[in-house]
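A.B. asks: Dumping the structure here so I can ask a few things about it.
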Amino acid sequence: MRPTAVIDCPACGELAGRGYPTCLVCAELVDQFWTLDWRPLVEAAGLPEQELAELVLQEDVGKLPWTCTDMAMTVLRCTACGAELGTGDLPCLRCRVADEQRWAWDHIGYPTRMTGNEHAMRVARMVLRAPHRQRETIVEGWRLTLPFLLLGELPTNSQAQRIRAHVLAERYDELAACRSLYELAALPSVPWRKEG
Ligand SMILES: [Zn+2]
Ligand SMILES: [Zn+2]
């Protein structure tokens with residue numbers, strides 16, 4: 001069910017995934033990894049989704065798939081700020097606590113029950129659902145990488161470092177034209193500018 005090659009999203013025109021979550025086609029492509037676990041849980045539980053979501057977050061970490069923790073948070077509103085749980089503005093303490101608790105799964109699950117790619121997918125989805133909680137360059141980095149994460153790929157440390165350096169150099173548009181992680185990382189250095 002993972003795509004086997006990057007495609008241009010027919011709706012937003014970006015590499016599929018980059019329009020997450022505002023582009024509905026990109027959103028569905030990304031979220032299918034989560035709904036695959038969530039939908040059967042909802043059907044089996046026979047409870048209203050929000051009630052189920054509350055129960056899921058009270059479960060011991062690791063009992064249910066990590067995707068279900070994320071979906072439960074997506075379904076619930078923060079009782080303090082009203083935003084999707086964990087995505088409120090930074091001063092919201094309730095959101096901060098919920099967001100921190102989410103990562104308990106990764107601490108116990110990686111690398112035996114969760115791959116590096118899965119962890120990265122999880123971070124990317126969280127960052128793009130709450131971009132106002134992050135520095136802009138962080139958001140851009142995950143937006144650029146997500147189409148390749150969907151294929152099951154993961155940048156090496158040195159690739160990730162180089163991509164980050166290009167993003168910091170404000171080369172988003174050039175990076176957005178790259179069609180592989182390799183290309184993203186291999187973007188040539190900025191040439192000497194001719195004085196004008
Ligand atoms: Zn799209
Ligand atoms: Zn909140």
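Each chain of the structure tokens is named A, B, ... in the order shown, its residues numbered from 1; ligands are numbered from 1 in display order.
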Kindly provide, as number ranges by chain, all nucleotide and amino acid residues lying within 7 Å of ligand 2, counting only C-alpha atoms and all ligand atoms.
C.D. replies: A: 78-83, 85-89, 92-95
A.B. asks: Could the residues that lie within 9 Å of ligand 1, counting only C-alpha atoms and all ligand atoms, be listed as an MDAnalysis selection string?
C.D. replies: chainID A and resid 8:27 29
A.B. asks: Please, could you write that set of residues out with all heavy atoms as a compact mmCIF listing (two decimals), in the first residue's frame?
C.D. replies:
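Everything below was put into result18.txt:
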# COMPACT_ATOMS: atom_id res chain seq x y z
N ASP A 8 3.51 13.39 -8.60
CA ASP A 8 3.01 14.74 -8.41
C ASP A 8 1.56 14.63 -7.98
O ASP A 8 0.78 13.93 -8.61
CB ASP A 8 3.12 15.53 -9.72
CG ASP A 8 4.56 15.68 -10.17
OD1 ASP A 8 5.34 16.29 -9.42
OD2 ASP A 8 4.91 15.17 -11.25
N CYS A 9 1.24 15.33 -6.91
CA CYS A 9 -0.15 15.29 -6.44
C CYS A 9 -1.04 15.96 -7.47
O CYS A 9 -0.79 17.10 -7.85
CB CYS A 9 -0.25 15.98 -5.09
SG CYS A 9 -1.97 16.19 -4.56
N PRO A 10 -2.09 15.26 -7.92
CA PRO A 10 -2.97 15.85 -8.93
C PRO A 10 -3.75 17.04 -8.39
O PRO A 10 -4.24 17.87 -9.17
CB PRO A 10 -3.92 14.70 -9.30
CG PRO A 10 -3.84 13.74 -8.18
CD PRO A 10 -2.48 13.90 -7.55
N ALA A 11 -3.85 17.16 -7.08
CA ALA A 11 -4.65 18.26 -6.52
C ALA A 11 -3.82 19.51 -6.27
O ALA A 11 -4.20 20.60 -6.66
CB ALA A 11 -5.33 17.79 -5.23
N CYS A 12 -2.65 19.36 -5.62
CA CYS A 12 -1.89 20.56 -5.25
C CYS A 12 -0.66 20.77 -6.12
O CYS A 12 -0.04 21.83 -6.08
CB CYS A 12 -1.49 20.51 -3.77
SG CYS A 12 -0.27 19.25 -3.37
N GLY A 13 -0.28 19.76 -6.90
CA GLY A 13 0.83 19.91 -7.82
C GLY A 13 2.21 19.69 -7.21
O GLY A 13 3.21 19.66 -7.90
N GLU A 14 2.25 19.56 -5.88
CA GLU A 14 3.54 19.28 -5.23
C GLU A 14 3.79 17.78 -5.25
O GLU A 14 2.90 17.00 -5.56
CB GLU A 14 3.47 19.75 -3.79
CG GLU A 14 3.19 21.24 -3.67
CD GLU A 14 3.99 21.87 -2.56
OE1 GLU A 14 5.22 21.66 -2.54
OE2 GLU A 14 3.37 22.54 -1.74
N LEU A 15 5.00 17.37 -4.89
CA LEU A 15 5.22 15.93 -4.72
C LEU A 15 4.23 15.44 -3.66
O LEU A 15 4.09 16.07 -2.60
CB LEU A 15 6.65 15.63 -4.27
CG LEU A 15 7.75 15.76 -5.33
CD1 LEU A 15 9.04 15.10 -4.83
CD2 LEU A 15 7.35 15.17 -6.67
N ALA A 16 3.58 14.33 -3.96
CA ALA A 16 2.48 13.87 -3.12
C ALA A 16 2.93 13.70 -1.68
O ALA A 16 3.94 13.02 -1.40
CB ALA A 16 1.90 12.57 -3.67
N GLY A 17 2.20 14.29 -0.77
CA GLY A 17 2.52 14.28 0.65
C GLY A 17 2.85 15.68 1.14
O GLY A 17 2.59 16.01 2.29
N ARG A 18 3.42 16.50 0.25
CA ARG A 18 3.89 17.82 0.71
C ARG A 18 2.77 18.78 1.03
O ARG A 18 2.97 19.75 1.75
CB ARG A 18 4.82 18.45 -0.34
CG ARG A 18 6.19 17.85 -0.27
CD ARG A 18 7.24 18.69 -0.95
NE ARG A 18 8.49 17.94 -0.90
CZ ARG A 18 9.35 17.87 -1.87
NH1 ARG A 18 9.13 18.51 -3.01
NH2 ARG A 18 10.46 17.16 -1.74
N GLY A 19 1.60 18.51 0.49
CA GLY A 19 0.47 19.40 0.77
C GLY A 19 -0.23 19.08 2.09
O GLY A 19 -1.22 19.70 2.43
N TYR A 20 0.32 18.09 2.83
CA TYR A 20 -0.30 17.68 4.10
C TYR A 20 -0.35 18.83 5.08
O TYR A 20 0.63 19.53 5.23
CB TYR A 20 0.49 16.51 4.70
CG TYR A 20 -0.20 15.86 5.88
CD1 TYR A 20 -1.13 14.86 5.68
CD2 TYR A 20 0.08 16.29 7.16
CE1 TYR A 20 -1.79 14.29 6.76
CE2 TYR A 20 -0.57 15.71 8.24
CZ TYR A 20 -1.50 14.72 8.03
OH TYR A 20 -2.15 14.15 9.09
N PRO A 21 -1.42 19.04 5.83
CA PRO A 21 -2.70 18.33 5.72
C PRO A 21 -3.76 19.13 4.96
O PRO A 21 -4.89 18.70 4.91
CB PRO A 21 -3.10 18.17 7.19
CG PRO A 21 -2.60 19.44 7.83
CD PRO A 21 -1.36 19.86 7.05
N THR A 22 -3.39 20.30 4.41
CA THR A 22 -4.42 21.15 3.79
C THR A 22 -4.91 20.58 2.46
O THR A 22 -6.08 20.73 2.12
CB THR A 22 -3.91 22.60 3.60
OG1 THR A 22 -2.61 22.54 3.05
CG2 THR A 22 -3.91 23.37 4.89
N CYS A 23 -4.02 19.95 1.68
CA CYS A 23 -4.45 19.31 0.44
C CYS A 23 -5.08 17.96 0.79
O CYS A 23 -4.44 17.11 1.41
CB CYS A 23 -3.26 19.12 -0.50
SG CYS A 23 -3.65 18.02 -1.87
N LEU A 24 -6.31 17.76 0.40
CA LEU A 24 -7.03 16.56 0.85
C LEU A 24 -6.45 15.28 0.25
O LEU A 24 -6.48 14.22 0.88
CB LEU A 24 -8.52 16.68 0.51
CG LEU A 24 -9.26 17.80 1.26
CD1 LEU A 24 -10.74 17.79 0.92
CD2 LEU A 24 -9.05 17.68 2.77
N VAL A 25 -5.94 15.38 -0.97
CA VAL A 25 -5.34 14.19 -1.59
C VAL A 25 -4.06 13.81 -0.85
O VAL A 25 -3.83 12.64 -0.52
CB VAL A 25 -5.07 14.43 -3.10
CG1 VAL A 25 -4.32 13.27 -3.71
CG2 VAL A 25 -6.39 14.68 -3.83
N CYS A 26 -3.22 14.79 -0.59
CA CYS A 26 -2.00 14.54 0.19
C CYS A 26 -2.37 14.01 1.58
O CYS A 26 -1.73 13.09 2.09
CB CYS A 26 -1.18 15.82 0.35
SG CYS A 26 -0.28 16.31 -1.13
N ALA A 27 -3.40 14.60 2.17
CA ALA A 27 -3.79 14.20 3.53
C ALA A 27 -4.20 12.73 3.55
O ALA A 27 -3.82 11.98 4.45
CB ALA A 27 -4.92 15.09 4.03
N LEU A 29 -3.34 10.38 1.43
CA LEU A 29 -2.18 9.54 1.14
C LEU A 29 -1.34 9.29 2.40
O LEU A 29 -0.87 8.19 2.66
CB LEU A 29 -1.32 10.21 0.06
CG LEU A 29 -0.13 9.40 -0.43
CD1 LEU A 29 -0.60 8.24 -1.30
CD2 LEU A 29 0.84 10.28 -1.21
A.B. asks: Counting only C-alpha atoms, which residues in stretch 108-168 of chain A sit no more than 12 Å from stretch 30-51 of chain A? For each one, give the nearest pair of atoms and the distance in Å, sorted by chain then residue number, as JSON lines.
C.D. replies:
{"residue": "A:Glu118", "atom": "CA", "partner": "A:Phe33", "partner_atom": "CA", "distance": 9.8}
{"residue": "A:Met121", "atom": "CA", "partner": "A:Val30", "partner_atom": "CA", "distance": 8.8}
{"residue": "A:Arg122", "atom": "CA", "partner": "A:Trp34", "partner_atom": "CA", "distance": 9.6}
{"residue": "A:Ala124", "atom": "CA", "partner": "A:Val30", "partner_atom": "CA", "distance": 10.0}
{"residue": "A:Arg125", "atom": "CA", "partner": "A:Val30", "partner_atom": "CA", "distance": 8.0}
{"residue": "A:Met126", "atom": "CA", "partner": "A:Asp31", "partner_atom": "CA", "distance": 11.4}
{"residue": "A:Leu128", "atom": "CA", "partner": "A:Val30", "partner_atom": "CA", "distance": 11.1}
{"residue": "A:Arg129", "atom": "CA", "partner": "A:Asp31", "partner_atom": "CA", "distance": 11.3}
{"residue": "A:Arg143", "atom": "CA", "partner": "A:Val30", "partner_atom": "CA", "distance": 11.8}
{"residue": "A:Leu146", "atom": "CA", "partner": "A:Val30", "partner_atom": "CA", "distance": 8.8}
{"residue": "A:Pro147", "atom": "CA", "partner": "A:Val30", "partner_atom": "CA", "distance": 9.0}
{"residue": "A:Phe148", "atom": "CA", "partner": "A:Val30", "partner_atom": "CA", "distance": 11.3}
{"residue": "A:Leu149", "atom": "CA", "partner": "A:Val30", "partner_atom": "CA", "distance": 9.8}
{"residue": "A:Leu150", "atom": "CA", "partner": "A:Val30", "partner_atom": "CA", "distance": 7.2}
{"residue": "A:Leu151", "atom": "CA", "partner": "A:Val30", "partner_atom": "CA", "distance": 10.6}
{"residue": "A:Gly152", "atom": "CA", "partner": "A:Phe33", "partner_atom": "CA", "distance": 11.4}
A.B. asks: Those same residues, written as a PDB file, in the first residue's frame with N, CA, C and O atoms?
C.D. replies:
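Below is the file that was written, result10.pdb:
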ATOM      1  N   GLU A 118       9.297   4.747  10.428  1.00  0.00           N
ATOM      2  CA  GLU A 118       8.012   4.980  11.087  1.00  0.00           C
ATOM      3  C   GLU A 118       8.101   6.143  12.078  1.00  0.00           C
ATOM      4  O   GLU A 118       7.195   6.977  12.162  1.00  0.00           O
ATOM      5  N   MET A 121       8.072   9.263  10.039  1.00  0.00           N
ATOM      6  CA  MET A 121       6.724   9.547   9.527  1.00  0.00           C
ATOM      7  C   MET A 121       5.878  10.205  10.615  1.00  0.00           C
ATOM      8  O   MET A 121       5.108  11.124  10.381  1.00  0.00           O
ATOM      9  N   ARG A 122       6.046   9.679  11.811  1.00  0.00           N
ATOM     10  CA  ARG A 122       5.273  10.177  12.940  1.00  0.00           C
ATOM     11  C   ARG A 122       5.638  11.632  13.257  1.00  0.00           C
ATOM     12  O   ARG A 122       4.772  12.473  13.484  1.00  0.00           O
ATOM     13  N   ALA A 124       7.032  13.757  11.163  1.00  0.00           N
ATOM     14  CA  ALA A 124       6.635  14.600  10.031  1.00  0.00           C
ATOM     15  C   ALA A 124       5.160  14.960  10.120  1.00  0.00           C
ATOM     16  O   ALA A 124       4.764  16.115   9.957  1.00  0.00           O
ATOM     17  N   ARG A 125       4.328  13.968  10.410  1.00  0.00           N
ATOM     18  CA  ARG A 125       2.889  14.223  10.488  1.00  0.00           C
ATOM     19  C   ARG A 125       2.576  15.204  11.617  1.00  0.00           C
ATOM     20  O   ARG A 125       1.806  16.143  11.448  1.00  0.00           O
ATOM     21  N   MET A 126       3.220  14.988  12.776  1.00  0.00           N
ATOM     22  CA  MET A 126       2.970  15.864  13.917  1.00  0.00           C
ATOM     23  C   MET A 126       3.414  17.301  13.592  1.00  0.00           C
ATOM     24  O   MET A 126       2.683  18.253  13.851  1.00  0.00           O
ATOM     25  N   LEU A 128       3.747  18.773  10.665  1.00  0.00           N
ATOM     26  CA  LEU A 128       2.935  19.424   9.631  1.00  0.00           C
ATOM     27  C   LEU A 128       1.509  19.707  10.103  1.00  0.00           C
ATOM     28  O   LEU A 128       0.849  20.583   9.575  1.00  0.00           O
ATOM     29  N   ARG A 129       1.047  18.971  11.112  1.00  0.00           N
ATOM     30  CA  ARG A 129      -0.286  19.282  11.655  1.00  0.00           C
ATOM     31  C   ARG A 129      -0.238  20.476  12.601  1.00  0.00           C
ATOM     32  O   ARG A 129      -1.259  21.067  12.889  1.00  0.00           O
ATOM     33  N   ARG A 143       8.535  18.843   5.401  1.00  0.00           N
ATOM     34  CA  ARG A 143       7.677  18.912   4.221  1.00  0.00           C
ATOM     35  C   ARG A 143       8.422  18.370   2.990  1.00  0.00           C
ATOM     36  O   ARG A 143       7.876  17.616   2.183  1.00  0.00           O
ATOM     37  N   LEU A 146       8.913  14.359   3.460  1.00  0.00           N
ATOM     38  CA  LEU A 146       7.760  13.464   3.602  1.00  0.00           C
ATOM     39  C   LEU A 146       7.445  12.585   2.377  1.00  0.00           C
ATOM     40  O   LEU A 146       7.173  11.392   2.530  1.00  0.00           O
ATOM     41  N   PRO A 147       7.489  13.123   1.143  1.00  0.00           N
ATOM     42  CA  PRO A 147       7.172  12.243  -0.006  1.00  0.00           C
ATOM     43  C   PRO A 147       8.065  11.004  -0.073  1.00  0.00           C
ATOM     44  O   PRO A 147       7.642   9.955  -0.561  1.00  0.00           O
ATOM     45  N   PHE A 148       9.286  11.123   0.424  1.00  0.00           N
ATOM     46  CA  PHE A 148      10.219   9.989   0.369  1.00  0.00           C
ATOM     47  C   PHE A 148      10.020   9.061   1.572  1.00  0.00           C
ATOM     48  O   PHE A 148      10.208   7.854   1.470  1.00  0.00           O
ATOM     49  N   LEU A 149       9.620   9.643   2.686  1.00  0.00           N
ATOM     50  CA  LEU A 149       9.275   8.810   3.847  1.00  0.00           C
ATOM     51  C   LEU A 149       8.110   7.896   3.495  1.00  0.00           C
ATOM     52  O   LEU A 149       8.062   6.742   3.919  1.00  0.00           O
ATOM     53  N   LEU A 150       7.170   8.422   2.706  1.00  0.00           N
ATOM     54  CA  LEU A 150       5.999   7.620   2.322  1.00  0.00           C
ATOM     55  C   LEU A 150       6.398   6.385   1.533  1.00  0.00           C
ATOM     56  O   LEU A 150       5.709   5.370   1.544  1.00  0.00           O
ATOM     57  N   LEU A 151       7.515   6.465   0.833  1.00  0.00           N
ATOM     58  CA  LEU A 151       8.003   5.309   0.067  1.00  0.00           C
ATOM     59  C   LEU A 151       8.697   4.297   0.971  1.00  0.00           C
ATOM     60  O   LEU A 151       9.077   3.218   0.521  1.00  0.00           O
ATOM     61  N   GLY A 152       8.905   4.675   2.225  1.00  0.00           N
ATOM     62  CA  GLY A 152       9.605   3.792   3.152  1.00  0.00           C
ATOM     63  C   GLY A 152      11.071   4.146   3.299  1.00  0.00           C
ATOM     64  O   GLY A 152      11.833   3.448   3.954  1.00  0.00           O
TER      65      GLY A 152
END
A.B. asks: I'd like the interatomic distance between atom CA of A:Tyr110 and atom CA of A:Glu84, to a tenth of an Å.
C.D. replies: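 Between these atoms lies a distance of 25.8 Å.
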A.B. asks: For the structure I just gave you, how does DSSP split chain A - specifically, which residues are helix (DSSP H, G or I)? Reply as number ranges by chain.
C.D. replies: A: 24-45, 49-58, 66-75, 93-102, 104-109, 116-129, 131-133, 136-149, 157-168, 172-176, 181-185
A.B. asks: Find the residues near A:Arg171: any atom within 12 Å, counting only C-alpha atoms, skip ones fewer than 3 places away on the same chain, and give them as number ranges by chain.
C.D. replies: A: 137, 140-141, 144, 162-168, 174-178, 184-185, 187-190
A.B. asks: Where does DSSP see strand (DSSP E or B) in stretch 4-196 of chain A, if you list the residues as a list in words?
C.D. replies: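 Taking stretch 4-196 of chain A and keeping strand (DSSP E or B) only, one gets Asp8, Leu15, Arg77 and Glu84 of chain A.
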A.B. asks: Just want the 9 Å neighbourhood of A:Arg102, counted on only C-alpha atoms, with same-chain residues fewer than 2 positions away dropped. Output as a list of chain:residue names.
C.D. replies: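 What passes the distance filter is A:Leu57, A:Val61, A:Trp66, A:Thr69, A:Asp70, A:Met73, A:Gly86, A:Val97, A:Ala98, A:Asp99, A:Glu100, A:Ala104, A:Trp105, A:Asp106.
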A.B. asks: How about saving the chosen residues, all heavy atoms kept, as a tab-separated table (two decimals), in the first residue's frame?
C.D. replies:
chain	number	residue	atom	x	y	z
A	57	LEU	N	-5.90	6.81	24.89
A	57	LEU	CA	-4.83	7.59	25.52
A	57	LEU	C	-4.58	7.18	26.96
A	57	LEU	O	-3.52	7.45	27.52
A	57	LEU	CB	-5.14	9.09	25.44
A	57	LEU	CG	-5.13	9.68	24.03
A	57	LEU	CD1	-5.28	11.20	24.09
A	57	LEU	CD2	-3.88	9.30	23.24
A	61	VAL	N	1.25	2.42	27.43
A	61	VAL	CA	1.99	2.71	26.21
A	61	VAL	C	2.48	1.40	25.57
A	61	VAL	O	3.03	0.55	26.26
A	61	VAL	CB	3.20	3.61	26.52
A	61	VAL	CG1	4.05	3.82	25.27
A	61	VAL	CG2	2.72	4.94	27.07
A	66	TRP	N	1.21	2.62	17.72
A	66	TRP	CA	1.50	4.05	17.89
A	66	TRP	C	0.58	4.90	17.00
A	66	TRP	O	0.25	6.04	17.34
A	66	TRP	CB	2.96	4.35	17.56
A	66	TRP	CG	3.44	3.81	16.24
A	66	TRP	CD1	3.94	2.56	16.01
A	66	TRP	CD2	3.43	4.47	14.98
A	66	TRP	NE1	4.24	2.42	14.69
A	66	TRP	CE2	3.96	3.57	14.03
A	66	TRP	CE3	3.06	5.75	14.56
A	66	TRP	CZ2	4.10	3.90	12.68
A	66	TRP	CZ3	3.21	6.08	13.23
A	66	TRP	CH2	3.72	5.16	12.30
A	69	THR	N	-2.45	6.06	18.94
A	69	THR	CA	-2.23	7.20	19.83
A	69	THR	C	-2.38	8.49	19.04
A	69	THR	O	-3.05	9.44	19.46
A	69	THR	CB	-0.81	7.15	20.44
A	69	THR	OG1	-0.63	5.90	21.08
A	69	THR	CG2	-0.59	8.28	21.42
A	70	ASP	N	-1.75	8.53	17.88
A	70	ASP	CA	-1.81	9.74	17.05
A	70	ASP	C	-3.24	10.03	16.61
A	70	ASP	O	-3.69	11.18	16.64
A	70	ASP	CB	-0.92	9.59	15.81
A	70	ASP	CG	0.55	9.60	16.16
A	70	ASP	OD1	0.89	10.01	17.29
A	70	ASP	OD2	1.36	9.20	15.31
A	73	MET	N	-5.35	11.44	19.33
A	73	MET	CA	-5.07	12.86	19.55
A	73	MET	C	-5.69	13.72	18.47
A	73	MET	O	-6.11	14.85	18.72
A	73	MET	CB	-3.56	13.08	19.64
A	73	MET	CG	-2.95	12.49	20.89
A	73	MET	SD	-1.17	12.66	20.97
A	73	MET	CE	-1.00	14.45	21.15
A	86	GLY	N	-2.74	18.47	21.46
A	86	GLY	CA	-1.30	18.45	21.20
A	86	GLY	C	-0.86	19.44	20.15
A	86	GLY	O	0.34	19.57	19.88
A	97	VAL	N	1.86	18.72	27.37
A	97	VAL	CA	1.93	17.44	28.07
A	97	VAL	C	1.50	16.31	27.15
A	97	VAL	O	2.15	15.26	27.06
A	97	VAL	CB	1.07	17.48	29.36
A	97	VAL	CG1	0.93	16.09	29.95
A	97	VAL	CG2	1.68	18.44	30.37
A	98	ALA	N	0.38	16.53	26.42
A	98	ALA	CA	-0.11	15.49	25.51
A	98	ALA	C	0.91	15.19	24.44
A	98	ALA	O	1.16	14.02	24.09
A	98	ALA	CB	-1.43	15.95	24.88
A	99	ASP	N	1.53	16.23	23.91
A	99	ASP	CA	2.52	16.02	22.85
A	99	ASP	C	3.73	15.27	23.37
A	99	ASP	O	4.28	14.38	22.71
A	99	ASP	CB	2.94	17.36	22.24
A	99	ASP	CG	3.84	17.15	21.03
A	99	ASP	OD1	3.41	16.42	20.11
A	99	ASP	OD2	4.95	17.69	21.00
A	100	GLU	N	4.15	15.58	24.60
A	100	GLU	CA	5.30	14.88	25.18
A	100	GLU	C	4.99	13.40	25.42
A	100	GLU	O	5.81	12.53	25.17
A	100	GLU	CB	5.75	15.56	26.47
A	100	GLU	CG	6.61	16.78	26.21
A	100	GLU	CD	6.81	17.66	27.43
A	100	GLU	OE1	6.46	17.22	28.56
A	100	GLU	OE2	7.30	18.78	27.25
A	104	ALA	N	6.32	8.69	24.19
A	104	ALA	CA	6.67	7.54	25.03
A	104	ALA	C	6.70	6.26	24.20
A	104	ALA	O	7.52	5.37	24.42
A	104	ALA	CB	5.66	7.42	26.18
A	105	TRP	N	5.81	6.19	23.23
A	105	TRP	CA	5.75	5.00	22.36
A	105	TRP	C	7.09	4.80	21.65
A	105	TRP	O	7.62	3.68	21.59
A	105	TRP	CB	4.64	5.17	21.32
A	105	TRP	CG	3.89	3.90	21.04
A	105	TRP	CD1	2.56	3.69	21.30
A	105	TRP	CD2	4.37	2.69	20.44
A	105	TRP	NE1	2.21	2.41	20.91
A	105	TRP	CE2	3.29	1.78	20.39
A	105	TRP	CE3	5.63	2.27	19.97
A	105	TRP	CZ2	3.42	0.49	19.86
A	105	TRP	CZ3	5.75	0.99	19.46
A	105	TRP	CH2	4.65	0.12	19.41
A	106	ASP	N	7.63	5.87	21.13
A	106	ASP	CA	8.89	5.77	20.38
A	106	ASP	C	10.03	5.32	21.30
A	106	ASP	O	10.91	4.56	20.89
A	106	ASP	CB	9.24	7.11	19.73
A	106	ASP	CG	8.12	7.58	18.81
A	106	ASP	OD1	6.99	7.78	19.30
A	106	ASP	OD2	8.36	7.70	17.60
A.B. asks: Out of A:Gln58, A:Glu170, A:Pro65, A:Val6, which residue has the shortest atom-to-atom distance to A:Glu136 when counting only C-alpha atoms?
C.D. replies: A:Glu170
A.B. asks: Quick one: pull the distance between atom CA of A:Met71 and atom CA of A:Ala5, Å, one decimal.
C.D. replies: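 Interatomic distance, atom CA of A:Met71 to atom CA of A:Ala5: 26.0 Å.
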A.B. asks: Taking into account only C-alpha atoms, which residue in the set A:Thr67, A:Val56, A:Asp173, A:Glu183 is nearest to A:Met114?
C.D. replies: A:Thr67
A.B. asks: Could you tell me how far atom CA of A:Glu54 lies from atom CA of A:Thr74, in Å and to one decimal?
C.D. replies: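 Interatomic distance here is 11.2 Å.
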